[in-house]
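Data block for run.pdb (PDB, C-alpha atoms):
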ATOM      1  CA  MET A   1      13.136 -50.059   1.376
ATOM      2  CA  LYS A   2      16.569 -51.189   2.587
ATOM      3  CA  ARG A   3      17.115 -51.021   6.320
ATOM      4  CA  ARG A   4      19.928 -48.453   6.104
ATOM      5  CA  ASP A   5      17.703 -46.217   3.909
ATOM      6  CA  PHE A   6      14.850 -46.506   6.379
ATOM      7  CA  CYS A   7      17.114 -45.632   9.287
ATOM      8  CA  ALA A   8      18.495 -42.630   7.419
ATOM      9  CA  THR A   9      14.977 -41.400   6.679
ATOM     10  CA  ALA A  10      13.933 -41.854  10.306
ATOM     11  CA  ALA A  11      17.003 -40.010  11.512
ATOM     12  CA  LEU A  12      16.298 -37.105   9.157
ATOM     13  CA  ALA A  13      12.681 -36.886  10.340
ATOM     14  CA  THR A  14      13.845 -36.883  13.969
ATOM     15  CA  GLY A  15      16.305 -34.121  13.195
ATOM     16  CA  LEU A  16      13.497 -32.022  11.773
ATOM     17  CA  GLY A  17      11.503 -32.496  14.967
ATOM     18  CA  PHE A  18       8.772 -34.605  13.401
ATOM     19  CA  VAL A  19       8.434 -38.387  13.414
ATOM     20  CA  PRO A  20       5.349 -39.585  11.519
ATOM     21  CA  GLN A  21       3.673 -42.658  12.946
ATOM     22  CA  ALA A  22       3.049 -45.476  10.526
ATOM     23  CA  GLY A  23      -0.438 -45.180   9.106
ATOM     24  CA  ALA A  24      -1.302 -42.119  11.229
ATOM     25  CA  GLN A  25      -2.882 -39.334   9.203
ATOM     26  CA  THR A  26      -5.086 -36.378  10.036
ATOM     27  CA  LYS A  27      -7.326 -34.969   7.322
ATOM     28  CA  TRP A  28      -8.706 -31.439   7.311
ATOM     29  CA  ASP A  29     -11.108 -29.675   4.968
ATOM     30  CA  PHE A  30     -10.267 -26.069   4.060
ATOM     31  CA  ALA A  31     -13.315 -24.103   2.881
ATOM     32  CA  THR A  32     -12.904 -20.991   0.756
ATOM     33  CA  ALA A  33     -15.247 -19.046  -1.497
ATOM     34  CA  TYR A  34     -12.810 -17.895  -4.155
ATOM     35  CA  PRO A  35     -11.978 -19.565  -7.483
ATOM     36  CA  ALA A  36      -8.751 -21.527  -7.828
ATOM     37  CA  ILE A  37      -7.323 -18.819 -10.116
ATOM     38  CA  ASN A  38      -7.571 -16.147  -7.394
ATOM     39  CA  PHE A  39      -4.281 -15.143  -5.784
ATOM     40  CA  HIS A  40      -5.650 -15.897  -2.304
ATOM     41  CA  SER A  41      -6.499 -19.419  -3.450
ATOM     42  CA  LYS A  42      -3.059 -19.938  -4.957
ATOM     43  CA  ASN A  43      -1.492 -18.739  -1.723
ATOM     44  CA  ASN A  44      -3.696 -21.087   0.294
ATOM     45  CA  GLU A  45      -2.808 -23.973  -1.994
ATOM     46  CA  GLN A  46       0.886 -23.357  -1.370
ATOM     47  CA  PHE A  47       0.204 -23.287   2.375
ATOM     48  CA  VAL A  48      -1.452 -26.707   2.082
ATOM     49  CA  LYS A  49       1.540 -28.098   0.186
ATOM     50  CA  ASP A  50       3.969 -26.644   2.713
ATOM     51  CA  VAL A  51       2.111 -28.265   5.615
ATOM     52  CA  ALA A  52       2.016 -31.639   3.873
ATOM     53  CA  ALA A  53       5.745 -31.483   3.192
ATOM     54  CA  ALA A  54       6.661 -30.322   6.688
ATOM     55  CA  THR A  55       4.587 -33.032   8.397
ATOM     56  CA  GLY A  56       5.684 -35.840   6.119
ATOM     57  CA  GLY A  57       2.102 -36.168   4.920
ATOM     58  CA  SER A  58       0.630 -36.902   8.354
ATOM     59  CA  LEU A  59      -1.543 -33.769   8.101
ATOM     60  CA  GLN A  60      -3.437 -33.632   4.826
ATOM     61  CA  ILE A  61      -5.462 -30.484   4.160
ATOM     62  CA  THR A  62      -7.902 -30.486   1.248
ATOM     63  CA  PRO A  63      -8.800 -27.030  -0.113
ATOM     64  CA  HIS A  64     -12.317 -26.543  -1.485
ATOM     65  CA  PHE A  65     -12.397 -23.537  -3.808
ATOM     66  CA  GLY A  66     -15.254 -21.531  -5.281
ATOM     67  CA  ALA A  67     -17.655 -21.992  -2.344
ATOM     68  CA  SER A  68     -17.909 -25.671  -3.283
ATOM     69  CA  LEU A  69     -18.005 -26.853   0.349
ATOM     70  CA  PHE A  70     -19.831 -23.939   1.989
ATOM     71  CA  LYS A  71     -21.089 -20.636   0.651
ATOM     72  CA  MET A  72     -19.089 -17.583   1.679
ATOM     73  CA  PRO A  73     -21.408 -16.416   4.500
ATOM     74  CA  GLU A  74     -21.400 -19.958   5.962
ATOM     75  CA  ILE A  75     -17.644 -20.604   6.068
ATOM     76  CA  LYS A  76     -16.782 -18.824   9.301
ATOM     77  CA  ARG A  77     -19.584 -20.594  11.160
ATOM     78  CA  ALA A  78     -18.541 -23.926   9.645
ATOM     79  CA  VAL A  79     -15.073 -23.547  11.179
ATOM     80  CA  GLN A  80     -16.534 -22.520  14.544
ATOM     81  CA  THR A  81     -18.682 -25.647  14.661
ATOM     82  CA  GLY A  82     -16.006 -27.957  13.292
ATOM     83  CA  ASN A  83     -17.912 -28.807  10.129
ATOM     84  CA  ALA A  84     -14.776 -27.584   8.344
ATOM     85  CA  GLN A  85     -11.448 -27.638  10.135
ATOM     86  CA  MET A  86     -10.155 -24.589   8.252
ATOM     87  CA  GLY A  87     -11.745 -21.707   6.411
ATOM     88  CA  GLU A  88     -11.105 -18.365   4.777
ATOM     89  CA  PHE A  89     -13.472 -15.453   5.196
ATOM     90  CA  PHE A  90     -13.646 -11.766   4.384
ATOM     91  CA  LEU A  91     -13.246  -9.991   7.719
ATOM     92  CA  VAL A  92     -15.369  -6.932   6.991
ATOM     93  CA  SER A  93     -18.392  -9.055   6.115
ATOM     94  CA  PHE A  94     -18.689 -10.001   9.798
ATOM     95  CA  GLN A  95     -18.605  -6.527  11.303
ATOM     96  CA  ASN A  96     -22.058  -7.068  12.798
ATOM     97  CA  GLU A  97     -20.560  -9.819  14.978
ATOM     98  CA  ALA A  98     -17.688  -7.651  16.190
ATOM     99  CA  GLN A  99     -16.785  -4.126  15.161
ATOM    100  CA  MET A 100     -13.091  -5.095  15.075
ATOM    101  CA  PHE A 101     -13.770  -7.273  12.030
ATOM    102  CA  GLY A 102     -14.770  -4.135  10.131
ATOM    103  CA  LEU A 103     -11.709  -2.036  10.963
ATOM    104  CA  ASP A 104      -9.863  -2.504   7.676
ATOM    105  CA  GLY A 105     -12.997  -1.607   5.713
ATOM    106  CA  LEU A 106     -13.120   1.944   7.074
ATOM    107  CA  PRO A 107     -12.790   4.460   4.212
ATOM    108  CA  PHE A 108      -9.480   6.267   3.732
ATOM    109  CA  LEU A 109      -7.970   5.086   7.011
ATOM    110  CA  VAL A 110      -4.865   3.820   5.186
ATOM    111  CA  LYS A 111      -3.234   5.152   2.045
ATOM    112  CA  ASP A 112      -1.069   2.210   0.980
ATOM    113  CA  TYR A 113      -0.030  -1.375   1.745
ATOM    114  CA  ALA A 114       2.574  -0.311   4.300
ATOM    115  CA  GLU A 115      -0.056   1.475   6.371
ATOM    116  CA  ALA A 116      -2.526  -1.373   5.858
ATOM    117  CA  PHE A 117      -0.006  -3.813   7.351
ATOM    118  CA  LYS A 118       0.610  -1.507  10.313
ATOM    119  CA  LEU A 119      -3.147  -1.377  10.879
ATOM    120  CA  TYR A 120      -3.219  -5.171  10.848
ATOM    121  CA  GLN A 121      -0.429  -5.344  13.434
ATOM    122  CA  ALA A 122      -2.412  -3.043  15.713
ATOM    123  CA  GLN A 123      -5.559  -5.089  15.114
ATOM    124  CA  ARG A 124      -4.255  -8.661  15.271
ATOM    125  CA  SER A 125      -4.335  -9.306  19.030
ATOM    126  CA  TYR A 126      -7.962  -8.145  19.144
ATOM    127  CA  LEU A 127      -8.853 -10.439  16.270
ATOM    128  CA  GLU A 128      -7.162 -13.366  18.022
ATOM    129  CA  GLN A 129      -9.102 -12.739  21.240
ATOM    130  CA  ILE A 130     -12.450 -12.541  19.451
ATOM    131  CA  LEU A 131     -11.807 -15.650  17.369
ATOM    132  CA  GLU A 132     -10.571 -17.583  20.397
ATOM    133  CA  LYS A 133     -13.910 -16.964  22.103
ATOM    134  CA  GLN A 134     -15.565 -18.328  18.974
ATOM    135  CA  GLY A 135     -13.540 -21.541  19.024
ATOM    136  CA  GLN A 136     -11.106 -20.524  16.296
ATOM    137  CA  LYS A 137      -7.427 -19.722  15.923
ATOM    138  CA  LEU A 138      -6.224 -17.079  13.488
ATOM    139  CA  LEU A 139      -3.511 -18.510  11.251
ATOM    140  CA  TYR A 140      -2.914 -15.678   8.811
ATOM    141  CA  ALA A 141      -4.554 -12.727   7.100
ATOM    142  CA  VAL A 142      -3.823 -11.376   3.630
ATOM    143  CA  ALA A 143      -4.839  -8.053   2.117
ATOM    144  CA  TRP A 144      -6.861  -7.567  -1.015
ATOM    145  CA  PRO A 145      -5.745  -4.871  -3.442
ATOM    146  CA  PRO A 146      -7.244  -1.422  -2.717
ATOM    147  CA  GLN A 147     -10.978  -1.081  -3.240
ATOM    148  CA  ASN A 148     -12.040   1.035  -6.218
ATOM    149  CA  ILE A 149     -15.279   2.056  -7.910
ATOM    150  CA  TYR A 150     -16.634   0.252 -10.973
ATOM    151  CA  SER A 151     -19.676   1.548 -12.820
ATOM    152  CA  ASN A 152     -21.602   1.398 -16.071
ATOM    153  CA  LYS A 153     -21.590   5.206 -16.376
ATOM    154  CA  PRO A 154     -19.215   8.103 -15.644
ATOM    155  CA  ILE A 155     -18.956   9.018 -11.956
ATOM    156  CA  ASN A 156     -17.747  12.587 -11.517
ATOM    157  CA  SER A 157     -19.199  13.246  -8.079
ATOM    158  CA  VAL A 158     -21.002  11.453  -5.266
ATOM    159  CA  ALA A 159     -24.273  12.720  -6.748
ATOM    160  CA  ASP A 160     -23.689  10.438  -9.749
ATOM    161  CA  LEU A 161     -23.981   7.408  -7.465
ATOM    162  CA  LYS A 162     -27.535   8.266  -6.495
ATOM    163  CA  GLY A 163     -29.999   5.615  -7.612
ATOM    164  CA  LEU A 164     -27.256   3.273  -8.847
ATOM    165  CA  LYS A 165     -27.863  -0.431  -8.151
ATOM    166  CA  TRP A 166     -24.870  -0.822  -5.851
ATOM    167  CA  ARG A 167     -23.396  -4.169  -4.863
ATOM    168  CA  VAL A 168     -22.595  -4.436  -1.151
ATOM    169  CA  TYR A 169     -20.643  -7.105   0.744
ATOM    170  CA  SER A 170     -20.369  -5.661   4.250
ATOM    171  CA  PRO A 171     -22.107  -3.315   6.691
ATOM    172  CA  THR A 172     -19.712  -0.549   5.642
ATOM    173  CA  THR A 173     -20.402  -0.870   1.918
ATOM    174  CA  ALA A 174     -24.122  -0.963   2.687
ATOM    175  CA  ARG A 175     -23.817   2.191   4.807
ATOM    176  CA  ILE A 176     -21.844   3.976   2.077
ATOM    177  CA  GLY A 177     -24.532   3.029  -0.429
ATOM    178  CA  GLU A 178     -27.153   4.451   1.896
ATOM    179  CA  LEU A 179     -25.240   7.686   2.463
ATOM    180  CA  VAL A 180     -24.742   8.342  -1.266
ATOM    181  CA  GLY A 181     -28.326   7.448  -2.154
ATOM    182  CA  ALA A 182     -27.523   4.275  -4.116
ATOM    183  CA  GLN A 183     -29.682   1.146  -4.107
ATOM    184  CA  PRO A 184     -27.692  -1.442  -2.084
ATOM    185  CA  VAL A 185     -27.895  -5.060  -3.279
ATOM    186  CA  THR A 186     -26.106  -7.852  -1.392
ATOM    187  CA  ILE A 187     -24.221 -10.059  -3.848
ATOM    188  CA  GLN A 188     -21.510 -12.605  -3.047
ATOM    189  CA  GLU A 189     -18.522 -12.862  -5.374
ATOM    190  CA  ALA A 190     -19.586 -16.249  -6.765
ATOM    191  CA  GLU A 191     -22.792 -14.573  -8.027
ATOM    192  CA  LEU A 192     -21.175 -11.363  -9.252
ATOM    193  CA  SER A 193     -20.902 -12.082 -12.979
ATOM    194  CA  GLN A 194     -24.509 -13.214 -13.268
ATOM    195  CA  ALA A 195     -25.758 -10.198 -11.300
ATOM    196  CA  LEU A 196     -23.957  -7.856 -13.684
ATOM    197  CA  ALA A 197     -25.070  -9.679 -16.812
ATOM    198  CA  THR A 198     -28.716  -9.527 -15.731
ATOM    199  CA  GLY A 199     -28.633  -5.901 -14.572
ATOM    200  CA  VAL A 200     -29.183  -6.707 -10.911
ATOM    201  CA  ILE A 201     -26.287  -4.373 -10.132
ATOM    202  CA  GLU A 202     -24.845  -1.426 -12.068
ATOM    203  CA  GLY A 203     -21.866  -0.515  -9.952
ATOM    204  CA  LEU A 204     -19.772  -1.606  -7.017
ATOM    205  CA  ILE A 205     -16.646  -0.989  -5.023
ATOM    206  CA  THR A 206     -14.162  -3.856  -5.022
ATOM    207  CA  SER A 207     -10.574  -4.729  -5.803
ATOM    208  CA  SER A 208      -8.799  -4.849  -9.133
ATOM    209  CA  ALA A 209      -8.235  -8.580  -8.565
ATOM    210  CA  THR A 210     -11.945  -9.287  -8.176
ATOM    211  CA  GLY A 211     -12.628  -7.205 -11.264
ATOM    212  CA  ALA A 212     -10.092  -9.102 -13.349
ATOM    213  CA  ASP A 213     -11.075 -12.555 -12.035
ATOM    214  CA  ASN A 214     -14.737 -11.919 -12.818
ATOM    215  CA  LYS A 215     -14.123 -10.071 -16.104
ATOM    216  CA  LEU A 216     -16.107  -7.055 -14.967
ATOM    217  CA  TYR A 217     -14.994  -5.261 -18.128
ATOM    218  CA  GLU A 218     -17.555  -7.344 -20.007
ATOM    219  CA  ASN A 219     -20.418  -5.499 -18.284
ATOM    220  CA  LEU A 220     -18.962  -2.322 -16.790
ATOM    221  CA  LYS A 221     -17.053   0.470 -18.530
ATOM    222  CA  TYR A 222     -15.460   2.608 -15.833
ATOM    223  CA  PHE A 223     -12.894   1.979 -13.086
ATOM    224  CA  TYR A 224     -12.113   4.845 -10.694
ATOM    225  CA  GLN A 225      -8.958   4.503  -8.606
ATOM    226  CA  VAL A 226     -10.277   5.932  -5.347
ATOM    227  CA  GLN A 227      -8.318   3.404  -3.204
ATOM    228  CA  ALA A 228     -10.946   3.621  -0.511
ATOM    229  CA  TRP A 229      -9.593   0.893   1.779
ATOM    230  CA  ILE A 230      -7.466  -2.275   1.820
ATOM    231  CA  PRO A 231      -9.470  -5.106   3.444
ATOM    232  CA  LYS A 232      -8.258  -8.573   4.380
ATOM    233  CA  ASN A 233      -9.197 -12.227   4.229
ATOM    234  CA  ALA A 234      -8.573 -14.208   7.409
ATOM    235  CA  VAL A 235      -7.666 -17.882   7.429
ATOM    236  CA  THR A 236      -8.655 -19.652  10.638
ATOM    237  CA  VAL A 237      -8.600 -23.143  12.050
ATOM    238  CA  ASN A 238     -11.007 -24.787  14.457
ATOM    239  CA  ALA A 239      -9.340 -24.504  17.876
ATOM    240  CA  LYS A 240     -10.099 -28.094  18.913
ATOM    241  CA  ALA A 241      -8.759 -29.462  15.634
ATOM    242  CA  PHE A 242      -5.549 -27.490  16.087
ATOM    243  CA  SER A 243      -5.162 -28.548  19.728
ATOM    244  CA  ALA A 244      -5.548 -32.198  18.714
ATOM    245  CA  LEU A 245      -2.350 -31.996  16.650
ATOM    246  CA  GLY A 246       1.025 -32.969  18.043
ATOM    247  CA  LYS A 247       3.499 -30.207  18.878
ATOM    248  CA  ALA A 248       5.577 -30.792  15.749
ATOM    249  CA  GLU A 249       2.489 -30.615  13.539
ATOM    250  CA  GLN A 250       1.286 -27.430  15.248
ATOM    251  CA  ASP A 251       4.690 -25.854  14.696
ATOM    252  CA  ALA A 252       4.603 -26.876  11.032
ATOM    253  CA  VAL A 253       1.172 -25.288  10.559
ATOM    254  CA  LEU A 254       2.207 -22.047  12.273
ATOM    255  CA  LYS A 255       5.449 -21.816  10.287
ATOM    256  CA  ALA A 256       3.606 -22.353   7.000
ATOM    257  CA  ALA A 257       1.004 -19.799   8.079
ATOM    258  CA  GLY A 258       3.658 -17.150   8.722
ATOM    259  CA  GLU A 259       5.149 -17.779   5.303
ATOM    260  CA  ALA A 260       1.697 -17.647   3.674
ATOM    261  CA  GLU A 261       0.982 -14.285   5.277
ATOM    262  CA  GLN A 262       4.246 -12.760   4.093
ATOM    263  CA  ARG A 263       3.894 -14.279   0.617
ATOM    264  CA  GLY A 264       0.250 -13.254   0.333
ATOM    265  CA  TRP A 265       0.824  -9.572   1.102
ATOM    266  CA  LYS A 266       3.604  -9.395  -1.460
ATOM    267  CA  SER A 267       1.457 -11.193  -4.019
ATOM    268  CA  SER A 268      -1.435  -8.788  -3.426
ATOM    269  CA  GLU A 269       0.668  -5.808  -4.528
ATOM    270  CA  GLU A 270       1.905  -7.644  -7.603
ATOM    271  CA  VAL A 271      -1.604  -8.795  -8.507
ATOM    272  CA  ASN A 272      -2.949  -5.264  -8.210
ATOM    273  CA  THR A 273      -0.612  -4.008 -10.937
ATOM    274  CA  ARG A 274      -1.374  -6.931 -13.254
ATOM    275  CA  ALA A 275      -5.120  -6.837 -12.635
ATOM    276  CA  ILE A 276      -5.446  -3.152 -13.503
ATOM    277  CA  GLU A 277      -3.668  -3.845 -16.788
ATOM    278  CA  THR A 278      -6.036  -6.770 -17.429
ATOM    279  CA  LEU A 279      -9.005  -4.443 -16.920
ATOM    280  CA  ARG A 280      -7.468  -1.922 -19.296
ATOM    281  CA  GLN A 281      -6.846  -4.540 -21.972
ATOM    282  CA  GLY A 282     -10.409  -5.757 -21.549
ATOM    283  CA  GLY A 283     -11.654  -2.340 -22.617
ATOM    284  CA  MET A 284     -12.357  -0.745 -19.248
ATOM    285  CA  LYS A 285     -11.559   2.950 -18.866
ATOM    286  CA  ILE A 286      -9.091   3.354 -16.004
ATOM    287  CA  GLU A 287      -9.750   6.778 -14.521
ATOM    288  CA  GLN A 288      -8.363   8.918 -11.731
ATOM    289  CA  PRO A 289     -11.236  10.271  -9.602
ATOM    290  CA  SER A 290     -12.169  13.930  -9.831
ATOM    291  CA  ALA A 291     -11.545  16.273  -6.922
ATOM    292  CA  ASP A 292     -15.311  16.571  -6.445
ATOM    293  CA  LEU A 293     -15.727  12.806  -6.199
ATOM    294  CA  MET A 294     -12.891  12.417  -3.692
ATOM    295  CA  ALA A 295     -14.164  15.302  -1.572
ATOM    296  CA  GLY A 296     -17.633  13.793  -1.474
ATOM    297  CA  LEU A 297     -16.307  10.335  -0.626
ATOM    298  CA  ALA A 298     -14.114  11.806   2.116
ATOM    299  CA  LYS A 299     -17.190  13.312   3.784
ATOM    300  CA  VAL A 300     -18.962   9.971   3.588
ATOM    301  CA  GLY A 301     -15.855   8.302   5.002
ATOM    302  CA  ASP A 302     -15.755  10.667   7.961
ATOM    303  CA  VAL A 303     -19.329   9.693   8.867
ATOM    304  CA  VAL A 304     -18.590   5.975   8.585
ATOM    305  CA  VAL A 305     -15.412   6.161  10.683
ATOM    306  CA  LYS A 306     -17.112   8.238  13.381
ATOM    307  CA  GLU A 307     -19.990   5.769  13.592
ATOM    308  CA  TRP A 308     -17.538   2.864  13.830
ATOM    309  CA  ILE A 309     -15.594   4.447  16.685
ATOM    310  CA  GLU A 310     -18.814   5.024  18.622
ATOM    311  CA  LYS A 311     -19.772   1.363  18.256
ATOM    312  CA  ALA A 312     -16.287  -0.077  18.810
ATOM    313  CA  GLY A 313     -15.778   1.687  22.153
ATOM    314  CA  ALA A 314     -12.527   1.492  24.102
ATOM    315  CA  ASP A 315     -11.005  -1.279  21.984
ATOM    316  CA  GLY A 316     -11.700   0.694  18.837
ATOM    317  CA  LYS A 317     -10.007   3.779  20.225
ATOM    318  CA  ALA A 318      -7.050   1.741  21.483
ATOM    319  CA  VAL A 319      -6.384   0.066  18.147
ATOM    320  CA  LEU A 320      -6.641   3.351  16.228
ATOM    321  CA  ASP A 321      -4.307   5.043  18.721
ATOM    322  CA  ALA A 322      -1.793   2.209  18.284
ATOM    323  CA  PHE A 323      -2.067   2.505  14.523
ATOM    324  CA  GLU A 324      -1.484   6.272  14.574
ATOM    325  CA  ALA A 325       1.522   5.803  16.848
ATOM    326  CA  SER A 326       2.994   3.224  14.465
ATOM    327  CA  LYS A 327       3.017   5.787  11.644
ATOM    328  CA  LYS A 328       5.209   8.263  13.528
TER     329      LYS A 328
END

Structure rendered as structure tokens:
Amino acid sequence: MKRRDFCATAALATGLGFVPQAGAQTKWDFATAYPAINFHSKNNEQFVKDVAAATGGSLQITPHFGASLFKMPEIKRAVQTGNAQMGEFFLVSFQNEAQMFGLDGLPFLVKDYAEAFKLYQAQRSYLEQILEKQGQKLLYAVAWPPQNIYSNKPINSVADLKGLKWRVYSPTTARIGELVGAQPVTIQEAELSQALATGVIEGLITSSATGADNKLYENLKYFYQVQAWIPKNAVTVNAKAFSALGKAEQDAVLKAAGEAEQRGWKSSEEVNTRAIETLRQGGMKIEQPSADLMAGLAKVGDVVVKEWIEKAGADGKAVLDAFEASKK
């Protein structure tokens, strides 16, 4: 490189607030459980590219998709211990650690994405405090599409769920299964297709995106748009790993994280529309739930929310009060 070109490059880097040191490079592993085709994964991949570009390549983050580095239940702990510098996990799956993680899995608390984002704003500071105590920093959180019911038979009322082999992924989904008399079976997403093909499960509640990604229409016939809740994935970084970065690198990570959050929420809405059409084209019957089914689910939801509030205590009441105020 000619001297004047080198000087120009150095001046540009200084102007951007970041001057990479020759040969200095930090490498992070980013563990996630979802396949590369999933919209969360694509969003995370863009985040990684944005960080690399903003830091001039001094911070290199390698994403590991499809639970290839750690299985889904292990990812959060891996970030806490520093075995992975970054990770993505499904918040509601860790409700037993802290009730606040389960907030966005409460049935019928929100009716659309706008309310789901307001709930997140009310919740975020509590999430940050909990994660900080666990040695992590919350970078961003992105919503899944609304959770709906899939089954291998018509579901016209809650009574039709009785005895169904019901896939669960969180304390809330397990409790709902218990309340409706289903047979709860814990299955991670990476094992979902096999569990359906072998008859281990006969129904579940999950997003349109998960249904499309895993081609649930190959084993299940019915999709009921109950829009029970809009849960989130959280992306966190090990606190020590983040603190070890220089100020310019930290700023680059936080800027890219803010953009990933905004981009991810928008993408979730777009994916929901496309995924439902994919299910339809795959032969799945897209149904609106009956009044009886919604009434029965609402009663179940009331029980679940009441139980959550009792366990969550003052923080739970405070976050719900803030959420209700934000809707006025």

Evaluate the PyMOL selection byres ((chain A and resi 254) around 12) here and jot the selected residues down as a VMD selection string.
chain A and resid 47 to 48 50 to 51 54 to 55 137 to 140 235 to 237 242 245 247 to 253 255 to 261

Do you have, as CSV, the list of residues of range 220-299 of chain A lying at most 9 Å from range 151-163 of chain A, each with its nearest atom pair and that distance in Å to one decimal, counting only C-alpha atoms and ordered by chain then number?
residue,atom,partner,partner_atom,distance
A:Leu220,CA,A:Asn152,CA,4.6
A:Lys221,CA,A:Asn152,CA,5.3
A:Tyr222,CA,A:Ser151,CA,5.3
A:Phe223,CA,A:Ser151,CA,6.8
A:Tyr224,CA,A:Ile155,CA,8.1
A:Pro289,CA,A:Asn156,CA,7.2
A:Ser290,CA,A:Asn156,CA,6.0
A:Ala291,CA,A:Ser157,CA,8.3
A:Asp292,CA,A:Ser157,CA,5.4
A:Leu293,CA,A:Ser157,CA,4.0
A:Met294,CA,A:Ser157,CA,7.7
A:Ala295,CA,A:Ser157,CA,8.5
A:Gly296,CA,A:Val158,CA,5.6
A:Leu297,CA,A:Val158,CA,6.7

Leaving out range 74-84 of chain A and any residue of its chain fewer than 5 positions from it, which residues lie within 6 Å of it when counting only C-alpha atoms, given as a ChimeraX atom specification?
/A:29,135,238

Selected residue, from A:Ala31, A:Ala298, A:Ala143, A:Leu106, that lies nearest to Lys71 in chain A when counting only C-alpha atoms
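Residue with the minimum atom-to-atom distance to Lys71 in chain A: A:Ala31.
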
Of the listed residues A:Ala275, A:Ala36, A:Leu127, A:Ala52, that which approaches His64 in chain A most closely, counting all atoms listed in the file
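Selected residue with least distance to His64 in chain A: A:Ala36.
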
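Comparing the minimum interatomic distances between Leu204 in chain A and each of A:Ser267, A:Thr62, A:Asn148, A:Gln46, counting only C-alpha atoms, we find that A:Asn148 sits nearest.
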
Selection dump of the PyMOL selection byres ((chain A and resi 186-191) around 6), as a ChimeraX atom specification:
/A:167-169,185,192-194

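CA of Leu320 in chain A to CA of Leu109 in chain A spans 9.5 Å [interatomic distance, one decimal].
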
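Take the candidates A:Asn38, A:Gln85, A:Asn43, A:Gln123 and check each one against Gln60 in chain A using only C-alpha atoms; the shortest distance goes to A:Gln85.
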
Which residues match the PyMOL selection byres ((chain A and resi 284) around 7) in the file above, as a PyMOL selection string?
chain A and resi 217+221-223+279-280+282-283+285-286

Tell me, in Å to one decimal, how far CA of Lys215 in chain A is from CA of Thr273 in chain A.
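Computed distance, CA of Lys215 in chain A to CA of Thr273 in chain A, equals 15.7 Å.
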
Given all atoms listed in the file as the basis, pick out the residue of A:Met86, A:Ile61, A:Ala228, A:Ala114 nearest to Lys266 in chain A.
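The shortest atom-to-atom distance to Lys266 in chain A comes from A:Ala114.
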
CA of Ile276 in chain A to CA of Gly264 in chain A measures 18.1 Å

With only C-alpha atoms as the basis for distance, which of A:Gly203, A:Pro146, A:Gly87, A:Gly301 is at the shortest distance from Gln183 in chain A?
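Looking at the shortest contact to Gln183 in chain A, the residue is A:Gly203.
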
Skip Gln121 in chain A itself and residues of its chain fewer than 5 positions away, then list as a short mmCIF file (atom, residue, chain, number, x, y, z; two decimals) with C-alpha atoms, in the coordinates of the input all residues within 10 Å of it, counting all atoms listed in the file.
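Generated output (part31.cif):
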data_model
loop_
_atom_site.label_atom_id
_atom_site.label_comp_id
_atom_site.auth_asym_id
_atom_site.auth_seq_id
_atom_site.Cartn_x
_atom_site.Cartn_y
_atom_site.Cartn_z
CA GLU A 115 -0.06 1.48 6.37
CA ALA A 116 -2.53 -1.37 5.86
CA TYR A 126 -7.96 -8.14 19.14
CA VAL A 319 -6.38 0.07 18.15
CA ALA A 322 -1.79 2.21 18.28
CA PHE A 323 -2.07 2.50 14.52
CA SER A 326 2.99 3.22 14.46
#

What would range 150-157 of chain A look like with N, CA, C and O atoms restored, written as a PDB file, in the coordinates of the input?
ATOM      1  N   TYR A 150     -16.290   0.689  -9.617  1.00  0.00           N
ATOM      2  CA  TYR A 150     -16.634   0.252 -10.973  1.00  0.00           C
ATOM      3  C   TYR A 150     -18.061   0.717 -11.258  1.00  0.00           C
ATOM      4  O   TYR A 150     -18.928   0.643 -10.376  1.00  0.00           O
ATOM      5  N   SER A 151     -18.301   1.145 -12.489  1.00  0.00           N
ATOM      6  CA  SER A 151     -19.676   1.548 -12.820  1.00  0.00           C
ATOM      7  C   SER A 151     -19.927   1.414 -14.315  1.00  0.00           C
ATOM      8  O   SER A 151     -19.001   1.286 -15.119  1.00  0.00           O
ATOM      9  N   ASN A 152     -21.214   1.464 -14.653  1.00  0.00           N
ATOM     10  CA  ASN A 152     -21.602   1.398 -16.071  1.00  0.00           C
ATOM     11  C   ASN A 152     -21.802   2.783 -16.670  1.00  0.00           C
ATOM     12  O   ASN A 152     -22.254   2.918 -17.801  1.00  0.00           O
ATOM     13  N   LYS A 153     -21.463   3.826 -15.889  1.00  0.00           N
ATOM     14  CA  LYS A 153     -21.590   5.206 -16.376  1.00  0.00           C
ATOM     15  C   LYS A 153     -20.516   6.059 -15.718  1.00  0.00           C
ATOM     16  O   LYS A 153     -19.939   5.672 -14.689  1.00  0.00           O
ATOM     17  N   PRO A 154     -20.214   7.227 -16.261  1.00  0.00           N
ATOM     18  CA  PRO A 154     -19.215   8.103 -15.644  1.00  0.00           C
ATOM     19  C   PRO A 154     -19.646   8.541 -14.243  1.00  0.00           C
ATOM     20  O   PRO A 154     -20.822   8.830 -14.003  1.00  0.00           O
ATOM     21  N   ILE A 155     -18.703   8.565 -13.324  1.00  0.00           N
ATOM     22  CA  ILE A 155     -18.956   9.018 -11.956  1.00  0.00           C
ATOM     23  C   ILE A 155     -18.014  10.188 -11.679  1.00  0.00           C
ATOM     24  O   ILE A 155     -16.815  10.003 -11.446  1.00  0.00           O
ATOM     25  N   ASN A 156     -18.562  11.392 -11.734  1.00  0.00           N
ATOM     26  CA  ASN A 156     -17.747  12.587 -11.517  1.00  0.00           C
ATOM     27  C   ASN A 156     -17.914  13.183 -10.131  1.00  0.00           C
ATOM     28  O   ASN A 156     -17.116  14.014  -9.701  1.00  0.00           O
ATOM     29  N   SER A 157     -18.965  12.776  -9.440  1.00  0.00           N
ATOM     30  CA  SER A 157     -19.199  13.246  -8.079  1.00  0.00           C
ATOM     31  C   SER A 157     -20.050  12.215  -7.355  1.00  0.00           C
ATOM     32  O   SER A 157     -20.599  11.290  -7.973  1.00  0.00           O
TER      33      SER A 157
END
